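For reference, the structure is listed below as structure tokens.
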Amino acid sequence: MSGPAQMKGLKKETADSKKTNKTIDREIKAIKVRLGAVEAQIQELEARQQEIGLALADPDLYRDGQKAREIAQSRKETEERVAWLMKEWEELSQRLSTVAGEER
């Protein structure tokens, strides 16, 4: 095949390629935005874990059993949330690597 028909096919391939690249670029951007949000949440929760650790290290806390149990429960919930976010971060990072590889 040569001539105008070949050129028309090339133009269609180029247009399809541009459309695919735009879709990939949008996906990469969305993943990066979510990664940033997850990282910010992890940082906040890790700071909270430090605060909880300091509270639990205070012997006076244990004079109030109910408060000590509440803080211990808060630590457990915070640890679980950080673990869940870390898993999400890993999945997003892997997805970003895969999608970025498709872009090439």
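To be explicit about the labels: the chains of the structure tokens are called A, B, and onward in the order shown, and within each one the residues are counted from 1, while ligands get numbers from 1 in the order they are shown.
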All residues 9 Å or closer to Gly53 of chain A, only C-alpha atoms, same chain fewer than 5 positions away omitted, as number ranges by chain: A: 48, 58, 75
message: Would you pick out the contacts of Leu96 of chain A at 10 Å or less, using only C-alpha atoms, so that residues sharing its chain but fewer than 2 positions from it are not included, and give the list as number ranges by chain?
response: A: 27-32, 35, 90-94, 98-102
- request: Write out as a list in words which residues come within 12 Å of Gln41 of chain A when counting only C-alpha atoms, dropping same-chain ones fewer than 2 positions away.
  value: Arg34, Leu35, Gly36, Ala37, Val38, Glu39, Gln43, Glu44, Leu45, Glu46, Ala47, Arg48, Thr78, Arg81, Val82, Ala83, Trp84, Leu85, Met86, Glu88 and Trp89 of chain A
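By chain and then residue number, the residues within 10 Å of Ser74 of chain A are A:Arg48, A:Gln49, A:Ile52, A:Ala68, A:Arg69, A:Glu79, A:Glu80, counting only C-alpha atoms and disregarding those fewer than 5 positions away in sequence.
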task: Take atom CA of Ile71 of chain A and atom CA of Leu56 of chain A and report the distance between them in Å, one decimal.
output: 7.4 Å
